[in-house]
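Chemist: Next up, work08.tsv (TSV, C-alpha atoms).
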chain	number	residue	atom	x	y	z
A	79	MET	CA	0.00	0.00	0.00
A	80	THR	CA	1.15	3.48	-0.73
A	81	ASP	CA	0.74	6.88	0.88
A	82	ASN	CA	-1.60	7.66	-2.00
A	83	TYR	CA	-3.89	4.81	-0.91
A	84	PHE	CA	-3.95	6.18	2.61
A	85	ASP	CA	-4.77	9.68	1.34
A	86	GLU	CA	-7.55	8.29	-0.88
A	87	TYR	CA	-8.99	6.37	2.03
A	88	MET	CA	-8.79	9.42	4.30
A	89	ASP	CA	-10.60	11.49	1.65
A	90	MET	CA	-13.31	8.83	1.37
A	91	VAL	CA	-13.78	8.76	5.13
A	92	ASN	CA	-14.07	12.54	5.16
A	93	ASP	CA	-16.59	12.46	2.29
A	94	PHE	CA	-18.73	9.88	4.10
A	95	THR	CA	-18.77	11.88	7.34
A	96	SER	CA	-21.64	14.27	8.04
A	97	GLU	CA	-20.91	17.95	8.53
A	98	VAL	CA	-22.34	17.72	12.04
A	99	SER	CA	-19.74	15.04	12.83
A	100	LYS	CA	-16.74	17.09	11.72
A	101	ASN	CA	-17.66	20.77	12.11
A	102	ASP	CA	-17.94	22.31	15.58
A	103	ASP	CA	-20.29	25.08	14.42
A	104	GLU	CA	-22.65	22.55	12.81
A	105	GLN	CA	-22.43	20.39	15.94
A	106	THR	CA	-23.36	23.38	18.12
A	107	LYS	CA	-26.39	24.13	15.95
A	108	ARG	CA	-27.51	20.50	15.99
A	109	ARG	CA	-27.06	20.27	19.74
A	110	ALA	CA	-29.26	23.37	20.19
A	111	GLU	CA	-31.96	21.76	18.00
A	112	LEU	CA	-31.79	18.53	19.95
A	113	SER	CA	-31.83	20.38	23.26
A	114	GLN	CA	-35.18	21.88	22.30
A	115	GLN	CA	-36.52	18.51	21.21
A	116	PHE	CA	-35.34	16.94	24.48
A	117	ASN	CA	-36.71	19.80	26.62
A	118	GLY	CA	-33.24	20.76	27.78
A	119	GLN	CA	-32.29	17.15	28.56
A	120	ILE	CA	-29.68	16.61	25.82
A	121	ALA	CA	-26.82	16.66	28.34
A	122	ARG	CA	-28.58	13.91	30.29
A	123	MET	CA	-29.05	11.87	27.10
A	124	ASP	CA	-25.41	12.40	26.08
A	125	MET	CA	-24.23	11.18	29.45
A	126	ALA	CA	-26.64	8.23	29.37
A	127	MET	CA	-25.50	7.08	25.92
A	128	SER	CA	-21.81	7.39	26.81
A	129	GLY	CA	-22.41	5.61	30.11
A	130	ILE	CA	-24.38	2.75	28.55
A	131	ALA	CA	-21.62	2.16	26.01
A	132	GLY	CA	-18.94	2.33	28.69
A	133	GLU	CA	-20.72	-0.02	31.07
A	134	ALA	CA	-21.42	-2.49	28.24
A	135	GLY	CA	-17.68	-2.54	27.58
A	136	GLU	CA	-16.90	-3.16	31.24
A	137	ILE	CA	-19.47	-5.96	31.48
A	138	ASN	CA	-18.16	-7.52	28.28
A	139	ASP	CA	-14.56	-7.28	29.50
A	140	ILE	CA	-15.42	-9.34	32.58
A	141	TRP	CA	-17.17	-11.93	30.42
A	142	LYS	CA	-14.37	-11.95	27.81
A	143	LYS	CA	-11.77	-12.71	30.49
A	144	VAL	CA	-13.85	-15.58	31.85
A	145	LYS	CA	-14.85	-17.02	28.48
A	146	PHE	CA	-11.67	-16.59	26.44
A	147	HIS	CA	-8.78	-16.02	28.86
A	148	GLY	CA	-9.42	-18.74	31.40
A	149	VAL	CA	-10.21	-16.46	34.33
A	150	ALA	CA	-12.32	-18.33	36.87
A	151	TRP	CA	-16.02	-17.56	37.15
A	152	ASP	CA	-16.33	-17.04	40.87
A	153	GLU	CA	-18.24	-14.92	43.37
A	154	ASP	CA	-15.88	-12.00	42.79
A	155	LYS	CA	-16.56	-11.95	39.03
A	156	LYS	CA	-20.27	-12.42	39.63
A	157	THR	CA	-20.29	-9.51	42.10
A	158	LYS	CA	-18.33	-7.30	39.69
A	159	MET	CA	-20.76	-8.11	36.90
A	160	ILE	CA	-23.76	-7.39	39.13
A	161	LEU	CA	-22.26	-4.03	40.14
A	162	GLU	CA	-21.57	-3.10	36.50
A	163	LEU	CA	-25.10	-4.14	35.52
A	164	GLY	CA	-26.31	-1.87	38.31
A	165	ASP	CA	-24.35	0.98	36.74
A	166	MET	CA	-25.97	0.09	33.42
A	167	TYR	CA	-29.41	0.42	35.03
A	168	TRP	CA	-28.41	3.83	36.37
A	169	TYR	CA	-27.58	5.04	32.87
A	170	LEU	CA	-30.73	3.45	31.46
A	171	MET	CA	-32.72	5.41	34.03
A	172	GLN	CA	-30.95	8.58	32.89
A	173	ALA	CA	-31.96	7.82	29.28
A	174	SER	CA	-35.55	7.15	30.42
A	175	MET	CA	-35.61	10.51	32.16
A	176	ALA	CA	-34.21	12.29	29.09
A	177	LEU	CA	-36.89	10.66	26.94
A	178	GLY	CA	-39.61	11.49	29.46
A	179	ILE	CA	-40.78	7.90	29.72
A	180	SER	CA	-40.83	5.41	32.59
A	181	PRO	CA	-38.64	2.31	32.48
A	182	ILE	CA	-41.82	0.24	32.88
A	183	GLU	CA	-43.24	1.73	29.68
A	184	ILE	CA	-39.96	0.96	27.89
A	185	MET	CA	-40.24	-2.67	29.02
A	186	GLU	CA	-43.88	-2.81	27.94
A	187	ARG	CA	-43.02	-1.44	24.49
A	188	ASN	CA	-40.13	-3.90	24.20
A	189	LYS	CA	-42.45	-6.77	25.08
A	190	GLU	CA	-44.93	-5.64	22.40
A	191	LYS	CA	-42.12	-5.38	19.83
A	192	LEU	CA	-40.81	-8.86	20.64
A	193	LEU	CA	-44.26	-10.44	20.58
A	194	LYS	CA	-44.99	-8.80	17.24
A	195	ARG	CA	-41.61	-9.83	15.81
A	196	ASN	CA	-42.05	-13.44	16.86
A	197	GLY	CA	-45.78	-13.69	16.24
A	198	GLY	CA	-46.33	-14.35	19.93
A	199	ARG	CA	-44.21	-17.50	19.78
A	200	ARG	CA	-41.06	-18.52	21.56
A	201	PHE	CA	-37.69	-18.38	19.83
A	202	ASN	CA	-37.24	-21.12	17.24
A	203	GLN	CA	-33.65	-21.67	16.14
A	204	GLU	CA	-34.56	-23.40	12.87
A	205	GLU	CA	-36.85	-20.52	11.82
A	206	PHE	CA	-34.21	-17.98	12.80
A	207	ILE	CA	-31.49	-19.69	10.75
A	208	ALA	CA	-33.82	-20.03	7.75
A	209	LYS	CA	-34.63	-16.30	7.97
A	210	GLU	CA	-30.91	-15.43	8.14
A	211	GLU	CA	-30.25	-17.64	5.11
A	212	ARG	CA	-33.00	-15.86	3.16
A	213	LYS	CA	-31.28	-12.55	3.95
A	214	LYS	CA	-28.08	-13.83	2.31
A	215	ILE	CA	-29.97	-14.58	-0.90
A	216	SER	CA	-31.66	-11.21	-1.22
Spell out the structure here as structure tokens.
Modeler:
Amino acid sequence: MTDNYFDEYMDMVNDFTSEVSKNDDEQTKRRAELSQQFNGQIARMDMAMSGIAGEAGEINDIWKKVKFHGVAWDEDKKTKMILELGDMYWYLMQASMALGISPIEIMERNKEKLLKRNGGRRFNQEEFIAKEERKKIS
């Protein structure tokens, strides 16, 4: 690979990036728009989204070490995972507050979505695999 390839790739990345993602003035305007839409709760939503991503990484890191690196699954790992899941709930509550919706309503909507997606039936691995195979064809 040449420097020219790197420059071409960098140009492509720049071309595929929204103005809001690379221009502070555009980001400031967008943030003001979102702040109005979120009734002044955009900071709470920002923090919630960053926190959820961070906690997911911490939870996954514990699991990765147990599953792939041979670290023992013991009470200490279980406790750490429970504490990190608790942090995840904290950030989920922050997101709920920013959206102006109760966590119970989020769970109810999720239940409706899952029941609709699965036609009210339990997960069926054969049907799932067949659906994934159909996606490959189309």
Chemist: Neighbouring residues of region 167-169 of chain A were defined as those with any atom within 8 Å, considering all atoms listed in the file; residues of the same chain fewer than 2 positions away were excluded. Please report them as a PyMOL selection string.
Modeler: chain A and resi 125-127+129-130+163-165+171-173
Chemist: Export C-alpha atoms of the chosen residues as a JSON list (two decimals), in the frame of the given file?
Modeler:
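Okay, out20.json is ready:
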[["chain", "number", "residue", "atom", "x", "y", "z"],
["A", 125, "MET", "CA", -24.23, 11.18, 29.45],
["A", 126, "ALA", "CA", -26.64, 8.23, 29.37],
["A", 127, "MET", "CA", -25.50, 7.08, 25.92],
["A", 129, "GLY", "CA", -22.41, 5.61, 30.11],
["A", 130, "ILE", "CA", -24.38, 2.75, 28.55],
["A", 163, "LEU", "CA", -25.10, -4.14, 35.52],
["A", 164, "GLY", "CA", -26.31, -1.87, 38.31],
["A", 165, "ASP", "CA", -24.35, 0.98, 36.74],
["A", 171, "MET", "CA", -32.72, 5.41, 34.03],
["A", 172, "GLN", "CA", -30.95, 8.58, 32.89],
["A", 173, "ALA", "CA", -31.96, 7.82, 29.28]]
Chemist: Neighbouring residues of region 109-114 of chain A were defined as those with any atom within 10 Å, considering all atoms listed in the file; residues of the same chain fewer than 6 positions away were excluded. Please report them as a ChimeraX atom specification.
Modeler: /A:98,103,120-121,123
Chemist: Interatomic distance between CA of Met185 (chain A) and CA of Asp139 (chain A)?
Modeler: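 For CA of Met185 (chain A) relative to CA of Asp139 (chain A), the distance reads 26.1 Å.
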Chemist: Measuring atom to atom with all atoms listed in the file, identify which of A:Leu177, A:Ile207, A:Ile137, A:Ile182 is nearest to Ile160 (chain A).
Modeler: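 With all atoms listed in the file as the atom set, the closest residue is A:Ile137.
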Chemist: Using 8 Å of padding on each side, determine the axis-aligned box around all atoms of region 86-96 of chain A present in the file and give its centre and edge lengths in Å to one decimal, as AutoDock Vina command-line options.
Modeler:
--center_x -14.6 --center_y 10.3 --center_z 3.6 --size_x 30.1 --size_y 23.9 --size_z 24.9
Chemist: Please identify all polymer residues within 12 Å of Leu161 (chain A), counting all atoms listed in the file, omitting same-chain residues fewer than 5 positions from it, and present them as a list in words.
Modeler: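 Residues meeting the cut-off are Glu133, Glu136, Ile137, Ile140, Asp154, Lys155, Lys156, Met166, Tyr167 and Trp168 of chain A.
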Chemist: Would you compute the distance between CA of Lys158 (chain A) and CA of Lys143 (chain A)? Give it in Å to one decimal.
Modeler: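 Atom-to-atom, CA of Lys158 (chain A) to CA of Lys143 (chain A), that is 12.5 Å.
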Chemist: What does the distance from CA of Asp102 (chain A) to CA of Phe84 (chain A) come to in Å, to one decimal?
Modeler: 25.0 Å
Chemist: Between A:Arg187, A:Asn92, A:Asn196, A:Ile179, single out the one closest to Lys209 (chain A), counting all atoms listed in the file.
Modeler: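 Ranking A:Arg187, A:Asn92, A:Asn196, A:Ile179 by distance to Lys209 (chain A), first place goes to A:Asn196.
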